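Reviewing the structure listed below.
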Amino acid sequence: MVSGHDYSVDYQGPHRHYLRPLTWPGVFDAAVERQGDAVAVVDPSGPHSWREWQHASRALAQSLRELGIVPGDVVAVYLPNSWEFLVAHVAIAYLGAVMLPLHMAHRRHEIVALLGRAEAKVLILTSTYHGHPLDEIGRAVKTTVPSLERVIWVGETGSSELTLAQLVDGGWGHPLTNCMVSPDDPFVLAASSGTTSSRPKICMHTHAGLLSNAWQTAVDGRGRPDDILLSASPFSHAFGFLSVHLSVIMQHSQVILADWNARRCLQTLKDRGVTVLFAVPAQVVDLLRAAEEGVPRGLSLREIRTGGAAVPREIVAAVRRRFGADTVVQWGMSEVGSGCYTVPTDDPELASRTVGRPMGGAEVRILDPEGRPVPTGQIGELAYRSPYMFRGYYHDEELTRSYVMDDGWLLTGDLAAMNADGTIAYRGRKTETINRGGLKFSALEVESLLTDLPHIQQMAVVSRPDVRLGERAVLLVALRSGYALTLEDVQEHLRKKELAPYKWPEEIKIMDALPTTPTGKIARGQILAWMAEEPEYDR
């Protein structure tokens, strides 16, 4: 059970007034009251109205209450982007309970660790994913997570297992007495993307924190009342979660895409009149490649919001040329939600050079290894503070104190530089810095210049130990079908981009596929562990 007594971080900055007294039930019910029978959600089965969403969520909440769920209980959700995910999100909040979203890329090992760490009482999970039954996970969590009392399935189970549909049907028509939910109550437990299964980092977020973060994103981003949103990013990830909260705060319709397929996404954007798309850079590249076969006529897309990796100017230009849309680049983390971003009125060039400015109410510092601010333009560690931030890692005050300073500044582990105009130039993670004979450079910079090579499906530039120089750069790459790529091709491409030769990869490794994190990013930690086992260069 999670409560305010578990918090170990309190905002210490000057912008507390940016924290709005919002709760998820309050924001959602206000949207229903105003929108009523208008379309709130469109999934593959068709449209769902705001009132239908409310009725289904209240029915599920009533059934969960009868199963013993009380305020502060943790309900984990292992579902793809879906109508059921949205219904569960509201139902859990109606009870004052706390949601733990689990990435669909997690498997039994990670799920058991996270459920145990969060002391989850209920797990709601899909019965199949990509055609594979998840019975094994269901059995594993029942026998290995002591706190878990119920497993609730979505979809056909082929047995007498309890299903979410049964709970919704069983609670339909029964009056639900709303729990008194406070803005400072626990709302969501979010597994940090930097987590390990041996010691999961689970971020505690309040209603006011996450929802004020979304509110300010809407204000700064100049959201329009007639927008229709689609998130290609998983709802279980902070980026996708933001799209859900934005859609309700702005009372927009949202379109659900359960699985990633670039061609299908393009058609859905056209068929459903989507105006704003949330997509990570790799998905944007996929869309542009799919558009080579033709862009559906009548596309309403005006904005692609992206983040999590560098966005080269070629991509920004191609989005404008192919789709007639602006690119908004965002930086964020599970600990902070949305953190910095460009806005639609910015010069498009800004989106290819920076991650914009800190959102309203937030502050950024760039620090040297001793914690001192560095001069403008110099690279250091990005420290971040805002009233929307997490309230600490659940049941791990020691870990929290290793990342959050006494005055509330979060050490993010990201490298960045502050530009003279106040924008932030992102330079990747600390682990993405390569030191070749004392000359340091960002692997992210090299990757950004290789993005326009048509050969590449996935890539990572990483370091390999070197006897003489300390480290050299290696390019790991998975190629698109029918393509070949040599080290000479790569170096010639970078020569034409006028990149300093010491930053060029000095070895290329062709792979079938690169490992990825639950959020779809390249799993650099795993790759670096591989490279550490490679023999050192000695020449």
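Each chain of the structure tokens is named A, B, ... in the order shown, its residues numbered from 1; ligands are numbered from 1 in display order.
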
Item checked: Distance query A:Leu415 at most 8 Å, only C-alpha atoms, self and fewer than 2 positions along chain excluded, as a list in words ->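 Everything that qualifies: Ile379, Gly380, Glu381, Leu382, Gly413, Ala417, Tyr426, Arg427, Gly428, Arg429 and Lys430 of chain A.
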
Next item on the list: Can you pull out every residue within 8 Å of stretch 344-351 of chain A, counting only C-alpha atoms, but drop anything in the same chain fewer than 6 positions away, and send it as a PyMOL selection string?
Entry: chain A and resi 221-222+303+311+313+316+326-329

Go ahead and save the picked residues with N, CA and C atoms, as a PDB file, in the first residue's frame.
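Contents of again-v3.pdb, as written:
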```pdb
ATOM      1  N   GLY A 221       2.393  24.098 -25.313  1.00  0.00           N
ATOM      2  CA  GLY A 221       2.323  23.558 -26.668  1.00  0.00           C
ATOM      3  C   GLY A 221       1.186  24.091 -27.496  1.00  0.00           C
ATOM      4  N   ARG A 222       0.382  24.998 -26.904  1.00  0.00           N
ATOM      5  CA  ARG A 222      -0.727  25.645 -27.622  1.00  0.00           C
ATOM      6  C   ARG A 222      -1.671  24.608 -28.234  1.00  0.00           C
ATOM      7  N   GLU A 303       1.139  17.970 -36.417  1.00  0.00           N
ATOM      8  CA  GLU A 303       2.249  17.968 -35.475  1.00  0.00           C
ATOM      9  C   GLU A 303       2.653  16.545 -35.129  1.00  0.00           C
ATOM     10  N   VAL A 311      16.996  14.131 -33.066  1.00  0.00           N
ATOM     11  CA  VAL A 311      16.185  14.197 -34.281  1.00  0.00           C
ATOM     12  C   VAL A 311      16.951  15.025 -35.307  1.00  0.00           C
ATOM     13  N   ARG A 313      18.247  17.095 -38.591  1.00  0.00           N
ATOM     14  CA  ARG A 313      17.526  18.094 -39.391  1.00  0.00           C
ATOM     15  C   ARG A 313      16.906  17.469 -40.637  1.00  0.00           C
ATOM     16  N   VAL A 316      13.473  16.272 -39.580  1.00  0.00           N
ATOM     17  CA  VAL A 316      12.557  17.402 -39.389  1.00  0.00           C
ATOM     18  C   VAL A 316      12.091  17.931 -40.741  1.00  0.00           C
ATOM     19  N   ASP A 326       4.606  19.934 -38.384  1.00  0.00           N
ATOM     20  CA  ASP A 326       5.709  20.416 -37.568  1.00  0.00           C
ATOM     21  C   ASP A 326       6.235  19.274 -36.707  1.00  0.00           C
ATOM     22  N   THR A 327       7.505  19.377 -36.330  1.00  0.00           N
ATOM     23  CA  THR A 327       8.106  18.426 -35.405  1.00  0.00           C
ATOM     24  C   THR A 327       8.350  19.140 -34.082  1.00  0.00           C
ATOM     25  N   VAL A 328       7.778  18.590 -33.012  1.00  0.00           N
ATOM     26  CA  VAL A 328       8.014  19.090 -31.658  1.00  0.00           C
ATOM     27  C   VAL A 328       8.881  18.065 -30.946  1.00  0.00           C
ATOM     28  N   VAL A 329      10.032  18.496 -30.446  1.00  0.00           N
ATOM     29  CA  VAL A 329      10.977  17.586 -29.798  1.00  0.00           C
ATOM     30  C   VAL A 329      10.903  17.787 -28.290  1.00  0.00           C
TER      31      VAL A 329
END
```

Note to self: Could you list, as number ranges by chain, every residue within 10 Å of stretch 121-126 of chain A, counting only C-alpha atoms and ignoring same-chain residues fewer than 5 positions away?
What the structure shows: A: 1, 64, 67-69, 73-80, 84-85, 88, 99-102, 104, 115-116, 133-135, 137-138, 141-142, 145-157, 162-164

Those same residues - C-alpha atoms - I'd like them written as a short mmCIF file (atom, residue, chain, number, x, y, z; two decimals), in the first residue's frame.
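Heads up, here's the output in again-v5.cif:
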```cif
data_model
loop_
_atom_site.label_atom_id
_atom_site.label_comp_id
_atom_site.auth_asym_id
_atom_site.auth_seq_id
_atom_site.Cartn_x
_atom_site.Cartn_y
_atom_site.Cartn_z
CA MET A 1 0.00 0.00 0.00
CA LEU A 64 -12.69 -3.96 -7.73
CA LEU A 67 -12.78 -7.57 -4.36
CA GLY A 68 -11.25 -5.58 -1.50
CA ILE A 69 -9.32 -2.81 -3.28
CA ASP A 73 -3.52 -0.41 -2.95
CA VAL A 74 -1.36 -1.03 -6.00
CA VAL A 75 -3.08 -2.38 -9.12
CA ALA A 76 -0.64 -3.38 -11.85
CA VAL A 77 -1.68 -3.25 -15.51
CA TYR A 78 0.09 -5.33 -18.17
CA LEU A 79 -1.83 -4.31 -21.29
CA PRO A 80 -1.02 -2.87 -24.71
CA GLU A 84 -9.28 -1.71 -21.47
CA PHE A 85 -6.10 0.13 -20.39
CA ALA A 88 -8.66 0.51 -15.88
CA MET A 99 -1.67 2.21 -10.91
CA LEU A 100 1.55 0.41 -11.82
CA PRO A 101 1.77 0.25 -15.65
CA LEU A 102 4.02 -2.54 -16.93
CA MET A 104 4.62 -5.13 -22.74
CA LEU A 115 5.15 -6.59 -8.70
CA GLY A 116 7.09 -7.72 -5.65
CA PRO A 133 -0.53 -16.82 -24.65
CA LEU A 134 0.63 -15.34 -21.35
CA ASP A 135 -0.52 -18.18 -19.08
CA ILE A 137 3.25 -15.20 -16.49
CA GLY A 138 -0.13 -15.59 -14.81
CA VAL A 141 3.06 -14.22 -10.39
CA LYS A 142 0.46 -16.16 -8.39
CA VAL A 145 4.49 -12.48 -5.45
CA PRO A 146 3.24 -12.72 -1.83
CA SER A 147 1.20 -9.51 -1.93
CA LEU A 148 -0.76 -10.49 -5.06
CA GLU A 149 -4.35 -11.49 -4.36
CA ARG A 150 -5.98 -11.42 -7.79
CA VAL A 151 -5.10 -11.86 -11.45
CA ILE A 152 -7.66 -10.38 -13.83
CA TRP A 153 -7.45 -11.27 -17.51
CA VAL A 154 -8.35 -9.28 -20.62
CA GLY A 155 -9.45 -11.45 -23.52
CA GLU A 156 -10.26 -15.14 -23.84
CA THR A 157 -8.64 -17.32 -21.19
CA LEU A 162 -11.67 -13.89 -13.69
CA THR A 163 -11.86 -11.44 -16.61
CA LEU A 164 -12.08 -7.68 -16.80
#
```

Checklist line | Of the listed residues A:Ser247, A:Gln283, A:Ser463, A:Thr143, that which approaches A:Ile434 most closely, counting only C-alpha atoms | finding: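 Of the candidates, the smallest distance to A:Ile434 is held by A:Ser463.
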
Margin query: Going by DSSP on the backbone, which residues of stretch 289-478 of chain A come out as strand (DSSP E or B)? List them as a PyMOL selection string.
Written below: chain A and resi 303-307+326-333+337-341+357-358+363-367+373+379-385+393+404+410-418+424-429+433-436+439-442+456-466+470-478

Item checked: Among the residues A:Val181, A:Ile92, A:Val168, A:Leu475, the one that comes closest to A:His207 [using only C-alpha atoms] ->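 For A:His207, the nearest of the candidates is A:Val181.
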
Next item on the list: Would you mind listing what lies within 10 Å of A:Ala208 as a ChimeraX atom specification, with only C-alpha atoms counted and same-chain residues fewer than 6 positions away left out?
Entry: /A:18-24,182-187,214-215,387-388

Note to self: For the helix (DSSP H, G or I) assignment from backbone DSSP, which residues of stretch 3-111 of chain A qualify? Please present them as a PyMOL selection string.
What the structure shows: chain A and resi 4-6+16-18+24-35+50-66+83-94+108-111

Take the residues from that selection and write them out as a PDB file, in the first residue's frame, keeping C-alpha atoms.
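Okay, part-v3.pdb is ready:
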```pdb
ATOM      1  CA  GLY A   4       2.128  10.085   1.403  1.00  0.00           C
ATOM      2  CA  HIS A   5       4.264   8.708   4.230  1.00  0.00           C
ATOM      3  CA  ASP A   6       6.344   6.954   1.541  1.00  0.00           C
ATOM      4  CA  ARG A  16       5.032  25.822  -6.440  1.00  0.00           C
ATOM      5  CA  HIS A  17       2.131  27.846  -7.892  1.00  0.00           C
ATOM      6  CA  TYR A  18       2.495  25.838 -11.126  1.00  0.00           C
ATOM      7  CA  TRP A  24      -7.633  12.219 -12.237  1.00  0.00           C
ATOM      8  CA  PRO A  25     -11.277  11.518 -11.250  1.00  0.00           C
ATOM      9  CA  GLY A  26     -11.958  15.269 -11.130  1.00  0.00           C
ATOM     10  CA  VAL A  27     -10.361  16.012 -14.501  1.00  0.00           C
ATOM     11  CA  PHE A  28     -12.007  13.009 -16.138  1.00  0.00           C
ATOM     12  CA  ASP A  29     -15.516  13.658 -14.759  1.00  0.00           C
ATOM     13  CA  ALA A  30     -15.278  17.304 -15.854  1.00  0.00           C
ATOM     14  CA  ALA A  31     -14.515  16.133 -19.402  1.00  0.00           C
ATOM     15  CA  VAL A  32     -17.483  13.727 -19.337  1.00  0.00           C
ATOM     16  CA  GLU A  33     -19.819  16.420 -18.019  1.00  0.00           C
ATOM     17  CA  ARG A  34     -18.876  18.709 -20.885  1.00  0.00           C
ATOM     18  CA  GLN A  35     -18.475  16.195 -23.723  1.00  0.00           C
ATOM     19  CA  TRP A  50     -16.972   9.907 -22.951  1.00  0.00           C
ATOM     20  CA  ARG A  51     -20.064   8.726 -21.074  1.00  0.00           C
ATOM     21  CA  GLU A  52     -19.439   5.113 -22.091  1.00  0.00           C
ATOM     22  CA  TRP A  53     -15.879   5.393 -20.803  1.00  0.00           C
ATOM     23  CA  GLN A  54     -17.152   6.748 -17.504  1.00  0.00           C
ATOM     24  CA  HIS A  55     -19.815   4.054 -17.086  1.00  0.00           C
ATOM     25  CA  ALA A  56     -17.352   1.248 -17.832  1.00  0.00           C
ATOM     26  CA  SER A  57     -14.768   2.697 -15.447  1.00  0.00           C
ATOM     27  CA  ARG A  58     -17.276   3.151 -12.631  1.00  0.00           C
ATOM     28  CA  ALA A  59     -18.555  -0.389 -13.118  1.00  0.00           C
ATOM     29  CA  LEU A  60     -15.026  -1.796 -12.967  1.00  0.00           C
ATOM     30  CA  ALA A  61     -14.249   0.321  -9.912  1.00  0.00           C
ATOM     31  CA  GLN A  62     -17.324  -1.019  -8.116  1.00  0.00           C
ATOM     32  CA  SER A  63     -16.283  -4.622  -8.815  1.00  0.00           C
ATOM     33  CA  LEU A  64     -12.693  -3.956  -7.726  1.00  0.00           C
ATOM     34  CA  ARG A  65     -13.990  -2.446  -4.497  1.00  0.00           C
ATOM     35  CA  GLU A  66     -16.004  -5.609  -3.868  1.00  0.00           C
ATOM     36  CA  TRP A  83      -9.713   0.596 -24.471  1.00  0.00           C
ATOM     37  CA  GLU A  84      -9.277  -1.706 -21.468  1.00  0.00           C
ATOM     38  CA  PHE A  85      -6.103   0.133 -20.392  1.00  0.00           C
ATOM     39  CA  LEU A  86      -7.987   3.442 -20.396  1.00  0.00           C
ATOM     40  CA  VAL A  87     -10.965   2.017 -18.493  1.00  0.00           C
ATOM     41  CA  ALA A  88      -8.657   0.509 -15.878  1.00  0.00           C
ATOM     42  CA  HIS A  89      -6.706   3.765 -15.495  1.00  0.00           C
ATOM     43  CA  VAL A  90      -9.831   5.694 -14.533  1.00  0.00           C
ATOM     44  CA  ALA A  91     -11.350   2.886 -12.437  1.00  0.00           C
ATOM     45  CA  ILE A  92      -8.223   2.505 -10.297  1.00  0.00           C
ATOM     46  CA  ALA A  93      -8.159   6.257  -9.619  1.00  0.00           C
ATOM     47  CA  TYR A  94     -11.856   6.314  -8.679  1.00  0.00           C
ATOM     48  CA  ARG A 108       8.246 -12.898 -16.349  1.00  0.00           C
ATOM     49  CA  HIS A 109      11.532 -12.015 -14.639  1.00  0.00           C
ATOM     50  CA  GLU A 110      10.967  -8.238 -14.751  1.00  0.00           C
ATOM     51  CA  ILE A 111       7.252  -8.482 -13.985  1.00  0.00           C
TER      52      ILE A 111
END
```

Any idea what's packed within 7 Å of A:Leu229, counting only C-alpha atoms, ignoring anything in its chain fewer than 6 positions away? Could you give it as a PDB file with N, CA, C and O atoms, in the first residue's frame?
```pdb
ATOM      1  N   SER A 247      -5.078  14.260 -23.581  1.00  0.00           N
ATOM      2  CA  SER A 247      -6.342  14.123 -24.305  1.00  0.00           C
ATOM      3  C   SER A 247      -7.537  14.389 -23.397  1.00  0.00           C
ATOM      4  O   SER A 247      -8.547  14.951 -23.843  1.00  0.00           O
ATOM      5  N   SER A 253     -10.476  13.859 -28.605  1.00  0.00           N
ATOM      6  CA  SER A 253     -10.605  12.444 -28.949  1.00  0.00           C
ATOM      7  C   SER A 253      -9.202  11.860 -29.090  1.00  0.00           C
ATOM      8  O   SER A 253      -8.269  12.550 -29.496  1.00  0.00           O
ATOM      9  N   GLN A 254      -9.073  10.569 -28.748  1.00  0.00           N
ATOM     10  CA  GLN A 254      -7.810   9.893 -28.991  1.00  0.00           C
ATOM     11  C   GLN A 254      -8.065   8.593 -29.739  1.00  0.00           C
ATOM     12  O   GLN A 254      -9.088   7.936 -29.556  1.00  0.00           O
ATOM     13  N   VAL A 255      -7.120   8.267 -30.601  1.00  0.00           N
ATOM     14  CA  VAL A 255      -7.203   7.071 -31.431  1.00  0.00           C
ATOM     15  C   VAL A 255      -6.172   6.079 -30.934  1.00  0.00           C
ATOM     16  O   VAL A 255      -5.034   6.448 -30.640  1.00  0.00           O
ATOM     17  N   VAL A 274      -6.439  12.176 -37.563  1.00  0.00           N
ATOM     18  CA  VAL A 274      -5.515  12.496 -36.474  1.00  0.00           C
ATOM     19  C   VAL A 274      -4.719  13.754 -36.813  1.00  0.00           C
ATOM     20  O   VAL A 274      -4.197  13.901 -37.919  1.00  0.00           O
ATOM     21  N   THR A 275      -4.605  14.647 -35.824  1.00  0.00           N
ATOM     22  CA  THR A 275      -3.870  15.893 -36.036  1.00  0.00           C
ATOM     23  C   THR A 275      -2.541  15.930 -35.286  1.00  0.00           C
ATOM     24  O   THR A 275      -1.625  16.647 -35.684  1.00  0.00           O
ATOM     25  N   VAL A 276      -2.440  15.176 -34.179  1.00  0.00           N
ATOM     26  CA  VAL A 276      -1.214  15.168 -33.374  1.00  0.00           C
ATOM     27  C   VAL A 276      -0.803  13.722 -33.119  1.00  0.00           C
ATOM     28  O   VAL A 276      -1.600  12.925 -32.605  1.00  0.00           O
ATOM     29  N   LEU A 277       0.434  13.408 -33.465  1.00  0.00           N
ATOM     30  CA  LEU A 277       0.967  12.060 -33.292  1.00  0.00           C
ATOM     31  C   LEU A 277       2.122  12.086 -32.299  1.00  0.00           C
ATOM     32  O   LEU A 277       3.030  12.900 -32.409  1.00  0.00           O
TER      33      LEU A 277
END
```

Note to self: Calculated over only C-alpha atoms, which of the candidates A:Ile366, A:Val39, A:Leu269, A:Leu439 has the smallest distance to A:Ala416?
What the structure shows: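 Of the candidates, the smallest distance to A:Ala416 is held by A:Ile366.
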
Note to self: Using only C-alpha atoms, which protein or nucleic acid residues come within 10 Å of stretch 396-404 of chain A? Drop anything in the same chain fewer than 3 positions from it, and give the result as a PyMOL selection string.
What the structure shows: chain A and resi 6-9+117+199-203+383-385+391-393+407-413

Next item on the list: Find the residues near A:Ser82: any atom within 8 Å, counting only C-alpha atoms, skip ones fewer than 5 places away on the same chain, and give them as a list in words.
Entry: Asp43, Ile256, Leu257 and Ala258 of chain A

Margin query: With distances taken over only C-alpha atoms, which residue among A:Ala113, A:His174, A:Tyr11, A:Pro515 lies nearest A:Ala362?
Written below: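 Nearest to A:Ala362: A:Tyr11.
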
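Distances here use only C-alpha atoms; by that measure, the residue among A:Leu444, A:Ala40, A:Leu114, A:Ile456 closest to A:Ala513 is A:Ile456.
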